[in-house]
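Trainee: Coordinates in input-v7.txt, compact mmCIF, C-alpha atoms, are listed below.
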# COMPACT_ATOMS: atom_id res chain seq x y z
CA MET A 1 118.06 65.21 92.01
CA SER A 2 115.93 68.28 91.35
CA VAL A 3 116.31 71.34 93.55
CA SER A 4 114.16 74.36 92.77
CA ALA A 5 113.48 77.57 94.67
CA ILE A 6 111.07 80.01 93.10
CA LEU A 7 109.97 83.52 93.99
CA ARG A 8 106.35 84.45 93.24
CA SER A 9 104.87 87.95 93.30
CA GLY A 10 101.26 86.76 93.46
CA PRO A 11 99.17 84.11 95.24
CA PHE A 12 99.86 80.45 94.51
CA ARG A 13 98.06 77.22 95.37
CA ALA A 14 100.00 75.01 97.75
CA ASP A 15 97.82 72.03 96.84
CA ALA A 16 98.68 72.46 93.16
CA GLU A 17 102.40 72.68 93.99
CA LEU A 18 102.11 69.46 96.00
CA GLY A 19 100.24 67.72 93.20
CA LEU A 20 102.99 68.51 90.72
CA PHE A 21 105.67 67.47 93.19
CA LEU A 22 103.99 64.10 93.86
CA GLY A 23 103.20 63.33 90.21
CA GLY A 24 104.94 60.25 88.83
CA ARG A 25 107.15 59.78 91.86
CA GLN A 26 108.02 56.10 92.35
CA GLY A 27 111.45 55.81 93.96
CA ASP A 28 110.73 57.82 97.10
CA GLY A 29 108.92 56.55 100.17
CA ALA A 30 108.43 59.97 101.77
CA VAL A 31 107.30 63.45 100.86
CA VAL A 32 107.19 66.09 103.59
CA THR A 33 105.64 69.49 102.95
CA PHE A 34 105.32 72.68 104.94
CA VAL A 35 103.04 75.58 104.11
CA GLY A 36 103.49 78.90 105.89
CA LEU A 37 100.39 81.11 105.94
CA ALA A 38 100.07 84.82 106.64
CA ARG A 39 98.25 85.32 109.94
CA ASP A 40 95.66 87.99 110.70
CA SER A 41 97.27 88.91 114.01
CA ALA A 42 100.65 89.34 115.67
CA VAL A 43 101.83 90.09 119.21
CA ASP A 44 101.05 93.78 118.67
CA GLY A 45 97.49 93.27 117.42
CA PRO A 46 95.55 92.70 114.19
CA VAL A 47 97.42 92.41 110.89
CA SER A 48 95.66 93.39 107.67
CA GLY A 49 98.50 92.29 105.43
CA LEU A 50 102.21 91.69 105.00
CA TYR A 51 104.59 93.21 102.52
CA LEU A 52 107.78 91.34 101.68
CA ASP A 53 110.30 93.64 100.08
CA HIS A 54 112.97 91.88 98.06
CA TYR A 55 116.08 92.68 96.04
CA PRO A 56 115.53 91.17 92.57
CA GLY A 57 118.22 88.61 91.76
CA PHE A 58 119.83 88.71 95.19
CA THR A 59 116.72 87.37 96.95
CA GLU A 60 116.26 84.54 94.44
CA ARG A 61 119.89 83.52 94.99
CA SER A 62 119.42 83.44 98.77
CA LEU A 63 116.52 80.99 98.30
CA GLU A 64 118.54 78.85 95.88
CA THR A 65 121.53 78.76 98.24
CA ILE A 66 119.41 77.59 101.17
CA ALA A 67 117.76 74.87 99.05
CA ALA A 68 121.12 73.69 97.68
CA ASP A 69 122.60 73.53 101.20
CA ALA A 70 119.68 71.35 102.34
CA ALA A 71 120.15 69.07 99.34
CA ARG A 72 123.82 68.58 100.23
CA ARG A 73 123.17 68.03 103.91
CA PHE A 74 120.43 65.39 103.87
CA ALA A 75 119.84 62.10 102.04
CA ILE A 76 116.96 63.43 99.97
CA SER A 77 115.90 63.20 96.33
CA ASP A 78 114.17 66.47 95.46
CA ILE A 79 113.40 69.86 96.97
CA HIS A 80 110.85 72.40 95.82
CA VAL A 81 110.50 75.81 97.50
CA VAL A 82 108.04 78.55 96.53
CA HIS A 83 108.23 81.88 98.33
CA ARG A 84 106.04 84.95 97.99
CA CYS A 85 107.22 88.52 97.66
CA GLY A 86 105.21 91.73 97.61
CA GLY A 87 101.83 92.03 99.31
CA VAL A 88 100.43 88.97 101.10
CA ARG A 89 96.97 88.89 102.65
CA PRO A 90 96.00 86.90 105.76
CA GLY A 91 95.24 83.29 104.86
CA GLU A 92 97.46 83.28 101.79
CA ALA A 93 100.50 81.03 101.59
CA ILE A 94 103.82 82.84 102.07
CA VAL A 95 106.03 79.80 101.67
CA PHE A 96 105.74 76.24 100.43
CA VAL A 97 108.46 73.68 101.04
CA ALA A 98 108.40 70.11 99.75
CA VAL A 99 111.07 67.47 100.23
CA ALA A 100 111.07 63.97 98.77
CA ALA A 101 113.35 61.23 100.06
CA PRO A 102 113.58 57.45 100.04
CA HIS A 103 112.92 57.46 103.81
CA ARG A 104 110.92 59.80 106.01
CA ARG A 105 113.50 60.93 108.58
CA ALA A 106 115.68 62.76 106.07
CA ALA A 107 112.63 64.39 104.50
CA PHE A 108 111.34 65.65 107.88
CA GLU A 109 114.76 66.97 108.86
CA ALA A 110 115.44 68.68 105.54
CA ALA A 111 112.06 70.44 105.62
CA ASP A 112 112.71 71.58 109.20
CA TYR A 113 116.18 72.83 108.24
CA LEU A 114 114.86 74.64 105.16
CA MET A 115 112.26 76.52 107.17
CA ASP A 116 114.66 77.48 109.97
CA ARG A 117 117.05 78.96 107.43
CA LEU A 118 114.35 80.60 105.32
CA LYS A 119 112.93 82.30 108.43
CA THR A 120 116.28 83.96 109.22
CA GLU A 121 118.44 84.07 106.07
CA ALA A 122 116.12 84.50 103.11
CA ALA A 123 116.77 88.01 101.78
CA PHE A 124 113.43 89.60 102.59
CA TRP A 125 112.42 92.69 104.50
CA LYS A 126 108.99 92.15 105.99
CA ARG A 127 106.48 94.82 106.91
CA GLU A 128 103.33 94.16 108.91
CA ASP A 129 100.41 96.46 108.17
CA GLY A 130 97.64 96.95 110.73
CA PRO A 131 95.06 99.47 111.92
CA ASP A 132 97.72 101.34 113.92
CA GLY A 133 100.14 101.64 111.02
CA SER A 134 103.02 99.59 109.68
CA ARG A 135 106.16 98.20 111.18
CA TRP A 136 109.22 96.50 109.72
CA ILE A 137 110.13 93.34 111.54
CA GLU A 138 113.21 91.24 112.16
CA PRO A 139 113.60 87.56 113.04
CA THR A 140 112.53 86.75 116.61
CA ASP A 141 114.87 85.28 119.24
CA ASN A 142 112.99 82.01 118.71
CA ASP A 143 113.73 82.13 114.96
CA ARG A 144 117.43 82.69 115.69
CA ALA A 145 117.52 79.87 118.27
CA ASP A 146 115.84 77.53 115.76
CA ARG A 147 118.45 78.43 113.15
CA ALA A 148 121.28 77.85 115.65
CA ARG A 149 120.22 74.21 116.08
CA TRP A 150 121.76 73.49 112.67
CA SER A 151 125.12 75.17 113.21
CA ASP A 152 127.99 72.95 112.16
CA MET B 1 128.92 106.20 84.46
CA ASP B 2 126.92 106.80 87.59
CA ILE B 3 126.69 104.38 90.48
CA ARG B 4 123.14 103.16 90.94
CA ILE B 5 122.12 102.63 94.56
CA PHE B 6 119.19 100.73 96.03
CA LEU B 7 117.96 101.02 99.60
CA LEU B 8 116.01 97.97 100.74
CA GLY B 9 113.33 97.41 103.36
CA ASP B 10 112.65 100.24 105.81
CA LEU B 11 115.61 102.22 104.44
CA GLY B 12 113.94 102.43 101.04
CA ALA B 13 110.59 103.31 102.59
CA ARG B 14 112.14 106.14 104.64
CA PHE B 15 114.76 107.57 102.30
CA GLY B 16 113.74 106.54 98.77
CA ARG B 17 114.46 103.25 97.10
CA GLU B 18 116.73 104.32 94.26
CA HIS B 19 119.57 106.85 94.16
CA ARG B 20 122.42 107.74 91.85
CA LEU B 21 125.89 109.03 92.58
CA GLU B 22 128.49 110.30 90.19
CA PHE B 23 131.44 107.90 90.02
CA SER B 24 134.82 109.24 91.01
CA GLU B 25 138.20 107.50 91.02
CA GLY B 26 138.88 105.63 94.28
CA LEU B 27 135.22 105.51 95.33
CA THR B 28 134.60 102.78 97.93
CA ALA B 29 131.43 101.10 99.14
CA GLY B 30 131.81 102.86 102.49
CA GLU B 31 132.21 106.23 100.76
CA VAL B 32 128.90 105.66 98.97
CA ARG B 33 127.31 105.16 102.37
CA HIS B 34 128.84 108.45 103.63
CA ARG B 35 127.82 110.42 100.58
CA LEU B 36 124.24 109.22 100.94
CA ILE B 37 124.24 110.26 104.59
CA GLU B 38 125.45 113.74 103.57
CA ARG B 39 122.80 113.98 100.90
CA ILE B 40 119.80 112.66 102.87
CA GLU B 41 119.00 114.65 105.97
CA GLY B 42 118.35 112.56 109.06
CA SER B 43 119.68 109.32 107.55
CA ALA B 44 122.97 109.05 109.45
CA ALA B 45 121.87 106.74 112.27
CA ALA B 46 119.90 104.41 110.00
CA LEU B 47 122.43 104.16 107.16
CA SER B 48 125.47 103.73 109.40
CA ALA B 49 123.83 101.13 111.69
CA SER B 50 126.10 98.12 112.15
CA GLY B 51 123.52 95.68 110.76
CA VAL B 52 123.29 97.52 107.43
CA ARG B 53 125.49 95.67 104.92
CA ILE B 54 126.53 96.77 101.47
CA ALA B 55 126.27 94.70 98.31
CA VAL B 56 128.11 95.58 95.11
CA ASP B 57 126.70 93.97 91.99
CA GLN B 58 124.62 91.75 94.30
CA THR B 59 127.51 90.44 96.42
CA VAL B 60 127.93 91.55 100.05
CA VAL B 61 131.30 93.26 100.45
CA PRO B 62 133.27 95.14 103.13
CA ASP B 63 133.05 98.96 103.15
CA THR B 64 136.64 99.17 101.90
CA THR B 65 135.77 97.62 98.52
CA CYS B 66 136.61 99.86 95.56
CA LEU B 67 133.90 100.49 93.00
CA ALA B 68 134.01 100.67 89.21
CA PRO B 69 131.87 102.91 87.00
CA GLY B 70 128.38 101.53 86.34
CA GLN B 71 128.29 99.18 89.30
CA GLU B 72 125.17 98.65 91.35
CA VAL B 73 125.26 99.19 95.11
CA ALA B 74 122.60 98.12 97.59
CA LEU B 75 122.27 98.92 101.28
CA LEU B 76 120.79 95.89 102.99
CA PRO B 77 119.22 96.15 106.44
CA VAL B 78 119.08 92.98 108.56
CA PHE B 79 117.02 90.37 106.69
CA SER B 80 113.64 89.69 108.23
CA GLY B 81 113.62 86.21 106.72
CA GLY B 82 110.53 84.82 105.06
Before we go any further, please render this structure as structure tokens.

Mentor:
Amino acid sequence: MSVSAILRSGPFRADAELGLFLGGRQGDGAVVTFVGLARDSAVDGPVSGLYLDHYPGFTERSLETIAADAARRFAISDIHVVHRCGGVRPGEAIVFVAVAAPHRRAAFEAADYLMDRLKTEAAFWKREDGPDGSRWIEPTDNDRADRARWSD
Amino acid sequence: MDIRIFLLGDLGARFGREHRLEFSEGLTAGEVRHRLIERIEGSAAALSASGVRIAVDQTVVPDTTCLAPGQEVALLPVFSGG
């Protein structure tokens, strides 16, 4: 099993990450991926960019912990997570999650679980910048409810 | 050796990201929080908010944790998630 969770300070290509993840894979019948993109608007209006503050070392460990928990919880083969930090422009990928498994159900569920935890427990502090200034944001009630679905 | 302190997220943007305090015997994580509040005008409400946790050498700890010289302290607001 290979479980990796990587922090990137600049743009990355989700299609390239997927290509590497798929390459040479023969024992798995399913690969599920999720790509989260920065949007150009939010409930409060236009967004010109995001800034994801992070705590070097601590943030990487939070990503690794979430990936390792998913690997333990589901019957999957490999997990690959890439997460941005720093400035992110609309249209750029913030997060890439890929899960490979012998069968599709576990891969779907593990990807869903990974995203619900990343959206609430990854150690980031996110700022939205727009024409009316900047604001620091917290997980929404929806994000917290999604996370609660996986409580043991 | 001084204690090095990082403020993350909006705390760093408002009050400065990096601070230093002189170590003294018996210093706790909570005392670091109080000394920062004394030093930075207008920071009391934000730094003492219940959601703001303290990490020592990158591990979240209770305020009662005793510090050693040279340790790194971080004040962590609620994570926004990714």

Trainee: Considering only C-alpha atoms, state which residue in the set B:Ile40, B:Ala29, B:Leu21, B:Leu8 is at the smallest distance from chain A.

Mentor: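 Of all the options, B:Leu8 lies closest to chain A.
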
Trainee: I'd like to know which of B:Gly51, B:Gly16, B:Gly30, B:Gly81 is closest to chain A, using only C-alpha atoms.

Mentor: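 Among the listed residues, B:Gly81 lies closest to chain A.
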
Trainee: Every residue with an atom at most 9 Å from (126.7, 109.2, 85.5) (file coordinates; only C-alpha atoms) is what I'm after, so could you write them as an NGL selection string?

Mentor: :B and (1-4 or 20-23 or 69-70)

Trainee: Using all atoms listed in the file, can you tell me which of B:Leu47, B:Leu75, B:Leu27, B:Leu67 comes closest to chain A?

Mentor: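 Under the stated criterion, the closest residue is B:Leu75.
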
Trainee: If we count only C-alpha atoms, which residues of chain A reach to within 7 Å of chain B? Please list them as an mmCIF file with C-alpha atoms, keeping the file's coordinate frame.

Mentor:
data_model
loop_
_atom_site.group_PDB
_atom_site.id
_atom_site.type_symbol
_atom_site.label_atom_id
_atom_site.label_comp_id
_atom_site.auth_asym_id
_atom_site.auth_seq_id
_atom_site.Cartn_x
_atom_site.Cartn_y
_atom_site.Cartn_z
ATOM 1 C CA ASP A 53 110.300 93.640 100.080
ATOM 2 C CA PHE A 58 119.830 88.710 95.190
ATOM 3 C CA LEU A 118 114.350 80.600 105.320
ATOM 4 C CA LYS A 119 112.930 82.300 108.430
ATOM 5 C CA THR A 120 116.280 83.960 109.220
ATOM 6 C CA GLU A 121 118.440 84.070 106.070
ATOM 7 C CA ALA A 122 116.120 84.500 103.110
ATOM 8 C CA ALA A 123 116.770 88.010 101.780
ATOM 9 C CA PHE A 124 113.430 89.600 102.590
ATOM 10 C CA TRP A 125 112.420 92.690 104.500
ATOM 11 C CA LYS A 126 108.990 92.150 105.990
ATOM 12 C CA TRP A 136 109.220 96.500 109.720
ATOM 13 C CA ILE A 137 110.130 93.340 111.540
ATOM 14 C CA GLU A 138 113.210 91.240 112.160
ATOM 15 C CA PRO A 139 113.600 87.560 113.040
#

Trainee: Give me the residues within 9 Å of A:Asp132 as a ChimeraX atom specification, counting all atoms listed in the file and dropping any in the same chain fewer than 2 places off.

Mentor: /A:45-46,129-130,134

Trainee: Suppose you want the space between atom CA of A:Pro56 and atom CA of A:Leu7; what is it in Å?

Mentor: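 Interatomic distance, atom CA of A:Pro56 to atom CA of A:Leu7: 9.6 Å.
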
Trainee: Rounded to one decimal in Å, what is the spacing between atom CA of A:Ala5 and atom CA of A:Glu64?

Mentor: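 Taking atom CA of A:Ala5 and atom CA of A:Glu64, their separation equals 5.4 Å.
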
Trainee: So the first atom is atom CA of A:Ala71 and the second is atom CA of A:Leu114; what is the distance between them in Å, to one decimal place?

Mentor: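 Pair atom CA of A:Ala71 / atom CA of A:Leu114 returns 9.6 Å.
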
Trainee: Excluding A:Ala101 and residues on its chain fewer than 4 positions from it, collect all residues at most 7 Å away from it, counting only C-alpha atoms, and give them as a list of chain:residue names.

Mentor: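 Final neighbour list, sorted by chain and number: A:Asp28, A:Gly29, A:Ala30, A:Val31, A:Ala75, A:Ile76, A:Ser77, A:Ala106, A:Ala107.
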
Trainee: Which polymer residues have any atom within 7 Å of an atom of A:Pro90, counting all atoms listed in the file, with same-chain residues fewer than 6 positions away left out, as a list in words?

Mentor: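 Listed by chain and then number, they are Ala38, Arg39, Asp40, Ser48 and Gly49 of chain A.
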
Trainee: Give the answer as one residue: which of A:Tyr51, A:Phe21, A:Trp150, A:Phe108 has the shortest atom-to-atom distance to A:Cys85, using only C-alpha atoms?

Mentor: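 For A:Cys85, the nearest of the candidates is A:Tyr51.
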
Trainee: When you look at A:Thr33 with a cut-off of 12 Å (counting only C-alpha atoms), what residues show up, excluding the ones that are within fewer than 4 positions of it in the same chain? I need them as a list in words.

Mentor: Ala14, Asp15, Glu17, Leu18, Gly19, Phe21, Leu22, Asp78, Ile79, His80, Val81, Val82, Val95, Phe96, Val97, Ala98, Val99, Ala100, Ala101, Arg104, Ala107, Phe108, Glu109, Ala110, Ala111, Asp112, Leu114 and Met115 of chain A

Trainee: From the structure block, carefully write stretch 6-24 of chain B out with N, CA, C and O atoms; format it as an mmCIF file, in the first residue's frame.

Mentor:
data_model
loop_
_atom_site.group_PDB
_atom_site.id
_atom_site.type_symbol
_atom_site.label_atom_id
_atom_site.label_comp_id
_atom_site.auth_asym_id
_atom_site.auth_seq_id
_atom_site.Cartn_x
_atom_site.Cartn_y
_atom_site.Cartn_z
ATOM 1 N N PHE B 6 4.569 31.496 17.201
ATOM 2 C CA PHE B 6 3.937 31.788 15.916
ATOM 3 C C PHE B 6 2.434 31.985 16.111
ATOM 4 O O PHE B 6 1.800 31.212 16.831
ATOM 5 N N LEU B 7 1.897 32.995 15.457
ATOM 6 C CA LEU B 7 0.452 33.194 15.422
ATOM 7 C C LEU B 7 -0.015 32.867 14.007
ATOM 8 O O LEU B 7 0.498 33.418 13.036
ATOM 9 N N LEU B 8 -0.983 31.970 13.901
ATOM 10 C CA LEU B 8 -1.426 31.515 12.583
ATOM 11 C C LEU B 8 -2.723 32.193 12.165
ATOM 12 O O LEU B 8 -3.467 32.698 13.009
ATOM 13 N N GLY B 9 -2.978 32.138 10.864
ATOM 14 C CA GLY B 9 -4.237 32.619 10.302
ATOM 15 C C GLY B 9 -4.464 34.091 10.590
ATOM 16 O O GLY B 9 -3.544 34.917 10.506
ATOM 17 N N ASP B 10 -5.711 34.439 10.957
ATOM 18 C CA ASP B 10 -6.039 35.853 11.168
ATOM 19 C C ASP B 10 -5.265 36.433 12.349
ATOM 20 O O ASP B 10 -4.986 37.632 12.374
ATOM 21 N N LEU B 11 -4.887 35.592 13.307
ATOM 22 C CA LEU B 11 -4.114 36.121 14.451
ATOM 23 C C LEU B 11 -2.768 36.675 13.982
ATOM 24 O O LEU B 11 -2.332 37.744 14.420
ATOM 25 N N GLY B 12 -2.114 35.939 13.080
ATOM 26 C CA GLY B 12 -0.841 36.405 12.552
ATOM 27 C C GLY B 12 -1.005 37.675 11.717
ATOM 28 O O GLY B 12 -0.175 38.587 11.780
ATOM 29 N N ALA B 13 -2.099 37.718 10.942
ATOM 30 C CA ALA B 13 -2.337 38.891 10.094
ATOM 31 C C ALA B 13 -2.587 40.131 10.949
ATOM 32 O O ALA B 13 -2.158 41.233 10.602
ATOM 33 N N ARG B 14 -3.262 39.949 12.091
ATOM 34 C CA ARG B 14 -3.630 41.110 12.921
ATOM 35 C C ARG B 14 -2.517 41.528 13.873
ATOM 36 O O ARG B 14 -2.326 42.708 14.140
ATOM 37 N N PHE B 15 -1.798 40.540 14.419
ATOM 38 C CA PHE B 15 -0.900 40.853 15.544
ATOM 39 C C PHE B 15 0.569 40.529 15.273
ATOM 40 O O PHE B 15 1.402 40.659 16.163
ATOM 41 N N GLY B 16 0.874 40.114 14.034
ATOM 42 C CA GLY B 16 2.256 39.748 13.716
ATOM 43 C C GLY B 16 2.445 38.247 13.838
ATOM 44 O O GLY B 16 1.986 37.628 14.790
ATOM 45 N N ARG B 17 3.140 37.680 12.869
ATOM 46 C CA ARG B 17 3.202 36.217 12.807
ATOM 47 C C ARG B 17 4.181 35.625 13.810
ATOM 48 O O ARG B 17 3.959 34.562 14.353
ATOM 49 N N GLU B 18 5.291 36.319 14.061
ATOM 50 C CA GLU B 18 6.324 35.706 14.899
ATOM 51 C C GLU B 18 6.666 36.614 16.076
ATOM 52 O O GLU B 18 6.807 37.828 15.920
ATOM 53 N N HIS B 19 6.786 36.001 17.238
ATOM 54 C CA HIS B 19 7.122 36.735 18.469
ATOM 55 C C HIS B 19 8.140 35.925 19.262
ATOM 56 O O HIS B 19 8.292 34.731 19.047
ATOM 57 N N ARG B 20 8.797 36.602 20.189
ATOM 58 C CA ARG B 20 9.715 35.907 21.088
ATOM 59 C C ARG B 20 9.455 36.350 22.515
ATOM 60 O O ARG B 20 9.155 37.508 22.766
ATOM 61 N N LEU B 21 9.584 35.395 23.421
ATOM 62 C CA LEU B 21 9.468 35.704 24.845
ATOM 63 C C LEU B 21 10.675 35.123 25.554
ATOM 64 O O LEU B 21 11.160 34.044 25.184
ATOM 65 N N GLU B 22 11.103 35.826 26.588
ATOM 66 C CA GLU B 22 12.205 35.305 27.380
ATOM 67 C C GLU B 22 11.687 34.148 28.231
ATOM 68 O O GLU B 22 10.627 34.257 28.855
ATOM 69 N N PHE B 23 12.418 33.050 28.238
ATOM 70 C CA PHE B 23 12.001 31.902 29.055
ATOM 71 C C PHE B 23 12.239 32.198 30.533
ATOM 72 O O PHE B 23 13.230 32.816 30.903
ATOM 73 N N SER B 24 11.284 31.764 31.340
ATOM 74 C CA SER B 24 11.503 31.826 32.791
ATOM 75 C C SER B 24 11.008 30.519 33.391
ATOM 76 O O SER B 24 10.115 29.872 32.843
#
